[in-house]
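Below is the file run-v4.txt, which contains compact mmCIF, C-alpha atoms.
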# COMPACT_ATOMS: atom_id res chain seq x y z
CA MET A 1 3.98 -3.85 -0.96
CA ASP A 2 1.35 -3.07 -3.60
CA GLU A 3 0.47 -6.26 -5.54
CA LEU A 4 0.82 -4.64 -8.97
CA LEU A 5 4.23 -3.32 -7.98
CA ALA A 6 5.24 -6.72 -6.58
CA ALA A 7 4.21 -8.48 -9.79
CA ARG A 8 6.06 -5.98 -11.96
CA LEU A 9 9.18 -6.19 -9.78
CA GLN A 10 9.10 -9.98 -9.97
CA MET A 11 8.92 -9.92 -13.77
CA ALA A 12 11.66 -7.28 -13.88
CA LEU A 13 13.91 -9.35 -11.63
CA SER A 14 13.29 -12.57 -13.55
CA LEU A 15 13.80 -10.94 -16.92
CA GLY A 16 16.82 -9.00 -15.69
CA PHE A 17 18.60 -12.20 -14.66
CA HIS A 18 17.47 -14.31 -17.60
CA ILE A 19 18.45 -11.77 -20.21
CA ILE A 20 22.11 -11.94 -19.16
CA PHE A 21 22.17 -15.73 -19.43
CA ALA A 22 20.29 -15.59 -22.73
CA CYS A 23 22.64 -13.02 -24.27
CA ILE A 24 25.73 -14.97 -23.31
CA GLY A 25 24.08 -18.18 -24.52
CA MET A 26 23.41 -16.59 -27.90
CA VAL A 27 26.92 -15.23 -28.47
CA MET A 28 29.39 -17.60 -26.80
CA PRO A 29 28.70 -20.45 -29.28
CA PHE A 30 29.82 -18.19 -32.13
CA LEU A 31 33.07 -17.35 -30.32
CA MET A 32 33.48 -21.07 -29.70
CA CYS A 33 32.85 -21.91 -33.36
CA TRP A 34 35.16 -19.22 -34.64
CA SER A 35 37.95 -20.55 -32.43
CA GLU A 36 37.41 -24.11 -33.66
CA TRP A 37 37.33 -22.87 -37.24
CA ARG A 38 40.71 -21.22 -36.68
CA TYR A 39 41.97 -24.52 -35.29
CA LEU A 40 40.77 -26.40 -38.36
CA ARG A 41 42.48 -23.87 -40.62
CA THR A 42 45.78 -23.46 -38.73
CA ARG A 43 46.02 -26.60 -36.58
CA LYS A 44 47.27 -24.42 -33.70
CA LYS A 45 46.22 -26.20 -30.54
CA VAL A 46 45.56 -22.98 -28.65
CA TYR A 47 42.41 -22.46 -30.73
CA LYS A 48 41.13 -25.95 -29.95
CA ASP A 49 41.75 -25.40 -26.25
CA LEU A 50 39.88 -22.12 -26.44
CA ALA A 51 36.92 -23.76 -28.16
CA MET A 52 36.84 -26.54 -25.56
CA ALA A 53 37.10 -24.10 -22.64
CA TRP A 54 34.39 -21.83 -24.03
CA SER A 55 32.10 -24.79 -24.75
CA LYS A 56 32.03 -25.59 -21.03
CA GLY A 57 30.97 -22.03 -20.34
CA VAL A 58 28.25 -22.38 -22.98
CA ALA A 59 26.98 -25.51 -21.21
CA ILE A 60 26.84 -23.69 -17.86
CA PHE A 61 24.88 -20.74 -19.22
CA PHE A 62 22.62 -23.02 -21.26
CA ALA A 63 21.61 -24.93 -18.13
CA VAL A 64 21.05 -21.82 -16.00
CA GLY A 65 19.25 -20.08 -18.86
CA ALA A 66 16.90 -23.04 -19.16
CA VAL A 67 16.00 -22.74 -15.47
CA SER A 68 15.46 -18.99 -15.53
CA GLY A 69 13.53 -19.16 -18.80
CA THR A 70 11.20 -21.82 -17.41
CA VAL A 71 10.48 -19.61 -14.41
CA LEU A 72 9.58 -16.75 -16.74
CA SER A 73 7.16 -18.89 -18.73
CA PHE A 74 5.31 -19.87 -15.53
CA GLU A 75 5.24 -16.27 -14.35
CA LEU A 76 3.42 -15.09 -17.46
CA GLY A 77 0.45 -17.29 -16.64
CA MET A 78 0.66 -16.92 -12.87
CA LEU A 79 1.04 -13.15 -12.65
CA TRP A 80 -0.70 -11.96 -15.81
CA PRO A 81 -3.64 -14.28 -16.58
CA GLY A 82 -5.61 -11.42 -18.13
CA PHE A 83 -2.84 -10.98 -20.67
CA MET A 84 -2.36 -14.67 -21.43
CA GLU A 85 -6.11 -15.25 -21.80
CA HIS A 86 -6.10 -13.17 -24.96
CA ALA A 87 -2.45 -13.07 -26.02
CA GLY A 88 -1.71 -16.79 -25.63
CA ALA A 89 -3.47 -17.77 -28.84
CA ILE A 90 -1.98 -14.83 -30.73
CA ILE A 91 1.71 -15.02 -29.79
CA GLY A 92 1.81 -18.72 -28.95
CA MET A 93 3.57 -19.48 -32.25
CA PRO A 94 6.90 -17.73 -31.52
CA PHE A 95 6.98 -19.31 -28.06
CA SER A 96 6.35 -22.80 -29.45
CA LEU A 97 8.99 -22.29 -32.16
CA GLU A 98 11.37 -21.05 -29.48
CA GLY A 99 10.84 -24.36 -27.67
CA THR A 100 11.77 -26.22 -30.86
CA ALA A 101 14.92 -24.12 -31.26
CA PHE A 102 15.78 -24.81 -27.62
CA PHE A 103 15.63 -28.58 -28.16
CA LEU A 104 17.77 -28.33 -31.29
CA GLU A 105 20.28 -26.30 -29.31
CA ALA A 106 20.37 -28.90 -26.55
CA ILE A 107 20.97 -31.77 -28.99
CA ALA A 108 23.65 -29.85 -30.91
CA LEU A 109 25.39 -28.82 -27.69
CA GLY A 110 25.53 -32.45 -26.57
CA LEU A 111 27.12 -33.45 -29.88
CA PHE A 112 29.65 -30.65 -29.61
CA LEU A 113 30.63 -31.35 -26.00
CA TYR A 114 31.04 -35.11 -26.38
CA GLY A 115 31.84 -35.44 -30.07
CA TRP A 116 35.43 -34.23 -30.21
CA ASN A 117 36.84 -37.71 -30.72
CA TYR A 118 33.86 -39.29 -32.48
CA LEU A 119 32.66 -36.88 -35.17
CA LYS A 120 34.42 -35.77 -38.30
CA PRO A 121 35.98 -32.34 -37.71
CA ILE A 122 33.64 -30.50 -40.07
CA VAL A 123 30.58 -32.28 -38.62
CA HIS A 124 31.72 -31.37 -35.12
CA TRP A 125 32.17 -27.74 -36.16
CA LEU A 126 28.72 -27.70 -37.77
CA SER A 127 27.18 -28.99 -34.54
CA GLY A 128 28.70 -26.01 -32.75
CA LEU A 129 27.39 -23.67 -35.41
CA LEU A 130 23.92 -25.18 -34.93
CA VAL A 131 24.19 -24.39 -31.20
CA GLY A 132 24.76 -20.74 -32.06
CA LEU A 133 22.08 -20.52 -34.74
CA SER A 134 19.50 -22.24 -32.53
CA GLY A 135 20.28 -19.94 -29.61
CA LEU A 136 20.06 -16.93 -31.91
CA ALA A 137 16.70 -18.13 -33.24
CA SER A 138 15.41 -18.60 -29.69
CA GLY A 139 16.34 -15.05 -28.78
CA ILE A 140 14.80 -13.56 -31.92
CA LEU A 141 11.55 -15.48 -31.45
CA VAL A 142 11.15 -14.31 -27.86
CA VAL A 143 11.89 -10.73 -28.88
CA ALA A 144 9.28 -11.09 -31.65
CA ALA A 145 6.69 -11.94 -28.99
CA ASN A 146 7.75 -8.90 -27.00
CA GLY A 147 7.60 -6.81 -30.17
CA TRP A 148 3.94 -7.76 -30.51
CA MET A 149 3.28 -6.17 -27.10
CA ASN A 150 4.75 -2.92 -28.46
CA ALA A 151 3.08 -3.17 -31.88
CA PRO A 152 0.08 -5.52 -31.60
CA SER A 153 -1.10 -6.95 -34.92
CA GLY A 154 -2.59 -10.12 -36.42
CA PHE A 155 -6.09 -9.84 -34.96
CA ASP A 156 -9.25 -7.76 -34.88
CA TYR A 157 -10.27 -6.08 -31.63
CA ALA A 158 -13.69 -4.71 -30.77
CA ASN A 159 -15.60 -4.40 -27.49
CA GLY A 160 -12.89 -6.22 -25.57
CA VAL A 161 -12.98 -9.24 -27.91
CA PHE A 162 -10.00 -10.52 -29.94
CA SER A 163 -11.01 -12.22 -33.20
CA ASN A 164 -9.70 -13.24 -36.65
CA VAL A 165 -6.32 -14.20 -35.21
CA ASP A 166 -3.41 -14.50 -37.67
CA PRO A 167 -0.40 -15.90 -35.73
CA ILE A 168 2.01 -15.29 -38.63
CA ALA A 169 1.09 -11.60 -38.86
CA ALA A 170 1.33 -11.36 -35.08
CA MET A 171 4.80 -12.91 -35.01
CA PHE A 172 6.10 -10.72 -37.83
CA ASN A 173 4.74 -7.52 -36.31
CA THR A 174 6.20 -4.17 -37.26
CA ALA A 175 8.41 -4.07 -34.14
CA TRP A 176 10.06 -7.48 -34.32
CA PHE A 177 12.85 -6.65 -36.78
CA SER A 178 14.12 -3.45 -35.16
CA GLN A 179 13.93 -4.94 -31.66
CA ALA A 180 15.57 -8.24 -32.62
CA LEU A 181 18.34 -6.51 -34.57
CA HIS A 182 19.10 -4.14 -31.70
CA MET A 183 19.02 -6.93 -29.14
CA VAL A 184 21.24 -9.34 -31.08
CA ILE A 185 23.89 -6.71 -31.76
CA ALA A 186 23.79 -5.59 -28.13
CA SER A 187 24.33 -9.20 -27.06
CA PHE A 188 27.49 -9.47 -29.16
CA ILE A 189 28.82 -6.21 -27.72
CA ALA A 190 28.09 -7.12 -24.11
CA THR A 191 29.38 -10.69 -24.32
CA GLY A 192 32.42 -9.73 -26.38
CA PHE A 193 33.55 -7.09 -23.90
CA ALA A 194 32.78 -9.32 -20.92
CA VAL A 195 34.79 -12.24 -22.33
CA ALA A 196 37.68 -9.93 -23.24
CA GLY A 197 37.63 -8.42 -19.75
CA VAL A 198 37.60 -11.78 -17.97
CA HIS A 199 40.56 -12.97 -20.01
CA ALA A 200 42.28 -9.64 -19.34
CA ILE A 201 42.08 -10.48 -15.60
CA ALA A 202 43.70 -13.85 -16.29
CA LEU A 203 46.30 -12.25 -18.55
CA TRP A 204 47.15 -9.80 -15.79
CA LYS A 205 48.23 -12.80 -13.70
CA ASN A 206 50.08 -14.51 -16.55
CA ARG A 207 51.29 -11.85 -18.97
CA THR A 208 52.85 -14.28 -21.43
CA SER A 209 49.77 -16.49 -21.90
CA VAL A 210 48.95 -16.88 -25.59
CA PHE A 211 45.71 -18.60 -24.59
CA HIS A 212 44.31 -15.45 -23.02
CA ARG A 213 45.71 -13.14 -25.70
CA LYS A 214 43.97 -15.14 -28.42
CA ALA A 215 40.75 -15.09 -26.40
CA ILE A 216 40.87 -11.30 -26.10
CA GLN A 217 41.58 -10.91 -29.82
CA ILE A 218 38.61 -13.07 -30.84
CA ALA A 219 36.20 -11.52 -28.33
CA MET A 220 37.19 -7.96 -29.23
CA THR A 221 36.82 -8.67 -32.95
CA PHE A 222 33.17 -9.62 -32.48
CA ALA A 223 32.56 -6.77 -30.00
CA ILE A 224 34.05 -4.08 -32.23
CA ILE A 225 32.13 -5.13 -35.33
CA ALA A 226 28.90 -5.13 -33.30
CA SER A 227 29.72 -1.76 -31.69
CA VAL A 228 30.12 -0.14 -35.11
CA LEU A 229 26.79 -1.57 -36.29
CA GLN A 230 24.82 -0.70 -33.15
CA PRO A 231 24.32 3.05 -33.86
CA ILE A 232 22.69 2.09 -37.16
CA SER A 233 20.43 -0.36 -35.35
CA GLY A 234 19.66 2.25 -32.71
CA ASP A 235 18.60 4.73 -35.36
CA ILE A 236 16.23 2.16 -36.90
CA SER A 237 14.73 1.42 -33.47
CA ALA A 238 14.33 5.09 -32.56
CA LYS A 239 12.55 5.89 -35.83
CA PHE A 240 10.15 3.00 -35.22
CA VAL A 241 9.44 4.13 -31.66
CA ALA A 242 8.86 7.69 -32.85
CA LYS A 243 6.27 6.44 -35.31
CA SER A 244 4.44 3.84 -33.21
CA GLN A 245 5.05 4.84 -29.56
CA PRO A 246 5.43 8.63 -29.36
CA ALA A 247 4.93 8.60 -25.58
CA LYS A 248 7.92 6.28 -25.16
CA LEU A 249 10.13 8.46 -27.37
CA ALA A 250 9.06 11.59 -25.51
CA ALA A 251 9.90 9.94 -22.19
CA MET A 252 13.26 8.71 -23.51
CA GLU A 253 14.20 12.24 -24.50
CA ALA A 254 12.32 14.03 -21.68
CA HIS A 255 10.56 15.87 -24.49
CA PHE A 256 7.66 17.54 -22.72
CA HIS A 257 6.51 20.05 -25.31
CA THR A 258 5.69 19.54 -29.00
CA GLU A 259 7.93 21.84 -30.99
CA GLU A 260 9.73 22.36 -34.24
CA ARG A 261 13.52 22.09 -34.28
CA ALA A 262 13.24 19.75 -31.30
CA GLY A 263 16.50 19.43 -29.41
CA LEU A 264 18.25 16.28 -28.20
CA TRP A 265 19.22 16.16 -24.53
CA LEU A 266 22.58 14.85 -23.37
CA GLY A 267 22.10 13.93 -19.72
CA GLY A 268 19.85 16.16 -17.67
CA ILE A 269 17.40 15.57 -14.83
CA PRO A 270 13.74 15.86 -15.88
CA ASP A 271 11.44 17.84 -13.62
CA VAL A 272 8.07 16.25 -14.38
CA GLU A 273 6.07 18.77 -12.36
CA LYS A 274 7.57 21.81 -14.11
CA GLN A 275 7.95 19.85 -17.39
CA GLU A 276 11.54 20.91 -17.94
CA VAL A 277 15.01 19.39 -17.93
CA ASN A 278 17.75 20.62 -15.61
CA TYR A 279 21.54 20.23 -15.79
CA GLY A 280 21.57 18.77 -19.29
CA ILE A 281 23.05 19.85 -22.61
CA GLN A 282 20.56 20.30 -25.43
CA LEU A 283 21.61 19.99 -29.06
CA PRO A 284 19.10 22.15 -31.01
CA GLY A 285 17.20 20.48 -33.84
CA LEU A 286 18.97 17.14 -33.50
CA LEU A 287 15.94 15.21 -32.25
CA SER A 288 13.93 16.44 -35.24
CA PHE A 289 16.76 15.33 -37.52
CA LEU A 290 17.04 11.88 -35.97
CA VAL A 291 13.29 11.29 -36.15
CA HIS A 292 12.39 12.95 -39.46
CA GLY A 293 15.67 13.43 -41.32
CA ASP A 294 15.51 17.24 -41.15
CA PHE A 295 16.05 19.86 -38.47
CA LYS A 296 12.68 21.60 -38.74
CA THR A 297 9.83 19.08 -38.46
CA ALA A 298 8.00 19.08 -35.14
CA VAL A 299 8.35 16.12 -32.77
CA PRO A 300 5.30 15.33 -30.60
CA GLY A 301 5.91 15.83 -26.89
CA LEU A 302 4.27 14.45 -23.80
CA ASP A 303 1.80 17.34 -23.97
CA GLN A 304 0.09 15.37 -26.76
CA ILE A 305 -0.44 12.38 -24.45
CA PRO A 306 -3.05 12.16 -21.64
CA LYS A 307 -1.09 12.50 -18.41
CA GLU A 308 -2.47 9.21 -17.01
CA GLU A 309 -0.80 7.47 -19.98
CA TRP A 310 2.65 8.99 -19.48
CA PRO A 311 5.43 6.47 -18.85
CA PRO A 312 7.62 7.10 -15.79
CA VAL A 313 9.72 9.84 -17.39
CA LEU A 314 12.60 9.85 -14.91
CA ILE A 315 13.20 6.10 -15.12
CA VAL A 316 12.89 5.91 -18.90
CA HIS A 317 15.07 8.97 -19.54
CA PHE A 318 17.85 7.85 -17.21
CA ALA A 319 17.79 4.29 -18.59
CA PHE A 320 18.01 5.60 -22.15
CA GLN A 321 20.92 7.90 -21.30
CA ILE A 322 22.77 5.04 -19.57
CA MET A 323 22.23 2.72 -22.54
CA VAL A 324 23.44 5.24 -25.11
CA GLY A 325 26.30 6.51 -22.96
CA LEU A 326 27.74 3.06 -22.25
CA GLY A 327 27.29 2.05 -25.87
CA MET A 328 29.32 5.02 -27.07
CA LEU A 329 31.95 4.40 -24.40
CA MET A 330 32.42 0.80 -25.55
CA LEU A 331 32.62 1.97 -29.17
CA LEU A 332 35.42 4.34 -28.13
CA VAL A 333 37.28 1.51 -26.36
CA GLY A 334 36.89 -0.57 -29.51
CA PHE A 335 38.50 2.18 -31.60
CA ILE A 336 41.33 2.46 -29.08
CA TYR A 337 41.88 -1.29 -29.42
CA LEU A 338 42.04 -1.01 -33.23
CA PHE A 339 44.47 1.91 -33.03
CA LEU A 340 46.77 0.03 -30.68
CA TRP A 341 46.53 -3.14 -32.79
CA LYS A 342 47.55 -1.20 -35.89
CA PHE A 343 50.17 1.17 -34.55
CA LYS A 344 51.15 0.25 -30.96
CA LYS A 345 50.58 -3.48 -30.68
CA HIS A 346 52.79 -3.90 -27.64
CA LEU A 347 50.51 -1.56 -25.67
CA LEU A 348 47.57 -3.95 -26.08
CA TRP A 349 48.95 -5.95 -23.18
CA SER A 350 49.96 -2.99 -21.05
CA ASN A 351 48.59 -2.44 -17.56
CA THR A 352 46.54 0.55 -18.70
CA PHE A 353 44.68 -1.21 -21.50
CA LEU A 354 44.11 -4.41 -19.54
CA ILE A 355 42.58 -2.32 -16.73
CA LEU A 356 40.37 -0.59 -19.30
CA LEU A 357 39.10 -3.95 -20.57
CA ILE A 358 38.47 -5.16 -17.02
CA ILE A 359 36.48 -2.01 -16.21
CA CYS A 360 34.34 -2.63 -19.31
CA ILE A 361 33.23 -6.12 -18.20
CA PRO A 362 29.79 -5.09 -16.86
CA PHE A 363 29.14 -2.15 -19.20
CA GLY A 364 27.45 -4.11 -21.99
CA PHE A 365 25.10 -5.94 -19.65
CA ILE A 366 24.21 -2.74 -17.80
CA ALA A 367 23.39 -1.20 -21.19
CA ILE A 368 21.21 -4.20 -22.08
CA GLU A 369 19.34 -3.98 -18.77
CA ALA A 370 18.84 -0.25 -19.32
CA GLY A 371 17.59 -0.91 -22.85
CA TRP A 372 15.01 -3.36 -21.59
CA ILE A 373 13.88 -0.85 -18.99
CA VAL A 374 13.32 1.61 -21.83
CA THR A 375 11.39 -1.02 -23.80
CA GLU A 376 9.19 -2.27 -20.97
CA VAL A 377 8.79 0.70 -18.63
CA GLY A 378 8.53 3.04 -21.61
CA ARG A 379 5.40 1.16 -22.73
CA GLN A 380 3.61 1.67 -19.43
CA PRO A 381 0.80 1.88 -18.49
CA TRP A 382 0.15 -0.62 -21.33
CA ILE A 383 0.94 -4.33 -21.34
CA ILE A 384 -0.42 -4.46 -24.90
CA GLN A 385 0.18 -1.06 -26.46
CA GLY A 386 -3.05 0.89 -26.78
CA ILE A 387 -5.27 -2.11 -25.99
CA MET A 388 -4.76 -3.54 -22.50
CA LYS A 389 -3.30 -1.82 -19.47
CA THR A 390 -0.93 -3.65 -17.16
CA LYS A 391 -3.20 -3.33 -14.14
CA ASP A 392 -6.04 -5.04 -16.06
CA ALA A 393 -3.88 -8.11 -16.73
CA LEU A 394 -2.88 -8.66 -13.09
CA THR A 395 -3.82 -11.87 -11.32
CA PRO A 396 -6.40 -11.64 -8.52
CA MET A 397 -4.27 -14.07 -6.51
CA PRO A 398 -3.27 -12.53 -3.14
CA GLY A 399 0.20 -12.66 -1.62
CA ILE A 400 2.20 -11.92 -4.77
CA GLN A 401 4.88 -10.24 -2.68
CA TYR A 402 5.80 -13.62 -1.17
CA SER A 403 6.31 -15.04 -4.64
CA PHE A 404 8.58 -12.07 -5.35
CA TYR A 405 10.68 -12.84 -2.27
CA MET A 406 11.02 -16.51 -3.28
CA ILE A 407 12.08 -15.61 -6.83
CA THR A 408 14.64 -13.16 -5.46
CA VAL A 409 16.21 -15.91 -3.34
CA LEU A 410 16.18 -18.32 -6.31
CA TYR A 411 18.02 -15.93 -8.59
CA LEU A 412 20.54 -14.98 -5.93
CA PHE A 413 21.25 -18.70 -5.50
CA LEU A 414 21.59 -19.17 -9.28
CA SER A 415 23.94 -16.19 -9.46
CA ILE A 416 26.18 -17.64 -6.76
CA ILE A 417 26.25 -21.05 -8.47
CA VAL A 418 27.08 -19.55 -11.88
CA SER A 419 29.78 -17.31 -10.42
CA TRP A 420 31.38 -20.28 -8.64
CA LEU A 421 31.25 -22.50 -11.73
CA MET A 422 32.71 -19.80 -13.96
CA TYR A 423 35.43 -19.06 -11.42
CA ARG A 424 36.46 -22.72 -11.47
CA GLN A 425 36.31 -22.78 -15.26
CA ILE A 426 38.56 -19.74 -15.58
CA LYS A 427 40.90 -20.86 -12.81
CA TYR A 428 41.62 -24.15 -14.53
CA ALA A 429 41.83 -22.78 -18.09
CA PRO A 430 44.73 -24.15 -20.14
CA LEU A 431 47.95 -22.37 -19.25
CA ASN A 432 50.39 -24.50 -21.24
CA TYR A 433 50.91 -21.57 -23.64
CA SER A 434 53.15 -19.66 -21.31
CA THR A 435 55.20 -17.64 -23.79
CA VAL A 436 54.51 -15.43 -26.76
CA ASN A 437 57.63 -16.69 -28.48
CA THR A 438 56.16 -19.99 -29.68
CA PRO A 439 55.06 -21.14 -33.15
CA ASP A 440 51.50 -21.06 -31.84
CA SER A 441 51.56 -17.28 -31.43
CA ASP A 442 51.24 -14.34 -33.75
CA ALA A 443 50.56 -11.98 -30.86

Just give me the structure of the file as structure tokens.
Amino acid sequence: MDELLAARLQMALSLGFHIIFACIGMVMPFLMCWSEWRYLRTRKKVYKDLAMAWSKGVAIFFAVGAVSGTVLSFELGMLWPGFMEHAGAIIGMPFSLEGTAFFLEAIALGLFLYGWNYLKPIVHWLSGLLVGLSGLASGILVVAANGWMNAPSGFDYANGVFSNVDPIAAMFNTAWFSQALHMVIASFIATGFAVAGVHAIALWKNRTSVFHRKAIQIAMTFAIIASVLQPISGDISAKFVAKSQPAKLAAMEAHFHTEERAGLWLGGIPDVEKQEVNYGIQLPGLLSFLVHGDFKTAVPGLDQIPKEEWPPVLIVHFAFQIMVGLGMLMLLVGFIYLFLWKFKKHLLWSNTFLILLIICIPFGFIAIEAGWIVTEVGRQPWIIQGIMKTKDALTPMPGIQYSFYMITVLYLFLSIIVSWLMYRQIKYAPLNYSTVNTPDSDA
């Protein structure tokens, strides 16, 4: 295996696993806090049991996320020393602040897990809120560092030398806001649908369980709100990419030729050699409208980019289509949920809708993985956009492929452990709410 390919696959594998744990770790504390807040307001024990059950899941994902995140931090220096030699001093601030947020999260999580009988209720709830806010801050800070790779700023660069470093300007680069917003909202969608789907499986086995019905209601509330907001976030991100990374946008849309009234492709298989798209549906002028706000202005195509600097068009285009397609599908499921809640509430717990929720369990995380492929692969061949190419940052250390094999085994092991722990957690969830005809239920 080529060493550059092995290094990139190792980073992709590590990031692909870690991002799932990180997204769940960012969102689950807010579900947990909302459930405890409902308990404090209503004194219905089902909400307290939900908060306690979810807090154990938060602890599991926090621990596994810490392991996978540590591996990633070592990999940056081990695999990409050319990058870290220059970038370390520039984007070190968000990484160091992320470490601070991580420690705050750990302390707050300990207080939440063991403070049920020792802290005042509002103090206990605030400790849970701090878990969520710290996890959210950690995610945003890491995304800010990644944003710098897409929109490098906060330094002067001449003759291969980085000087006049401004870490604040580097951290608050022009990409950080759009990327962080898109990522946070995507995390709420993915985790919300996954939690709802897992509880739908449990509800399938115990149709009268108020515990699982309440869990689905809370998870779907967060997921639907995020799903409605995500197209707005996506538009902000796309406009930024169009302005700062035209090659990435062109690859996303398989837009080979610069033209006015540029069309937007739905699906399609790009033929890179012939520079055309087959089997897709093109909506005339819509790409121009999304990028510029009108249907006439030209959108630069890949013909404006040197061919050696083209991203892998097939991979980026397919990943983008998967991300958008699954996002719209989950938005549709969210609207179906709202319709049933308003007009056909009894159908929310029907076989058909429970199956639909179960099918949706992986969709959000697949969309997140596809989105990160667009972000990272779409930047290639650059590791720092327009400044340093990925191949120039690679370690000279031989035998990288063996490191890749070891990391693969590690993450497979972590996945098995997490799956087993979550299975036990779900299996032994409180089932003492066995009927919908109790004072505890408004289902």

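When only C-alpha atoms are used to compute distances to Ala223 (chain A), the closest of the residues A:Met397, A:Ser68, A:Gly132, A:Phe30 turns out to be A:Phe30.
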
Near region 273-276 of chain A, within 12 Å and counting all atoms listed in the file, which residues show up once chain neighbours fewer than 4 positions away are dropped, as a PyMOL selection string?
chain A and resi 250-251+253-258+265+268-269+280+282+301-303+307+313-314

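Atom pair CA of Met52 (chain A) / CA of Arg38 (chain A) has a distance of 12.9 Å (rounded to one decimal).
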
Distance criterion (only C-alpha atoms): nearest to Trp148 (chain A) out of A:Ile366, A:Ile417, A:Ile383, A:Leu203:
A:Ile383

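Distance annotation: of A:Ser138, A:Asn117, A:Thr42, A:Gln245, the residue with the minimal separation from Ala66 (chain A) is A:Ser138; atom set is all atoms listed in the file.
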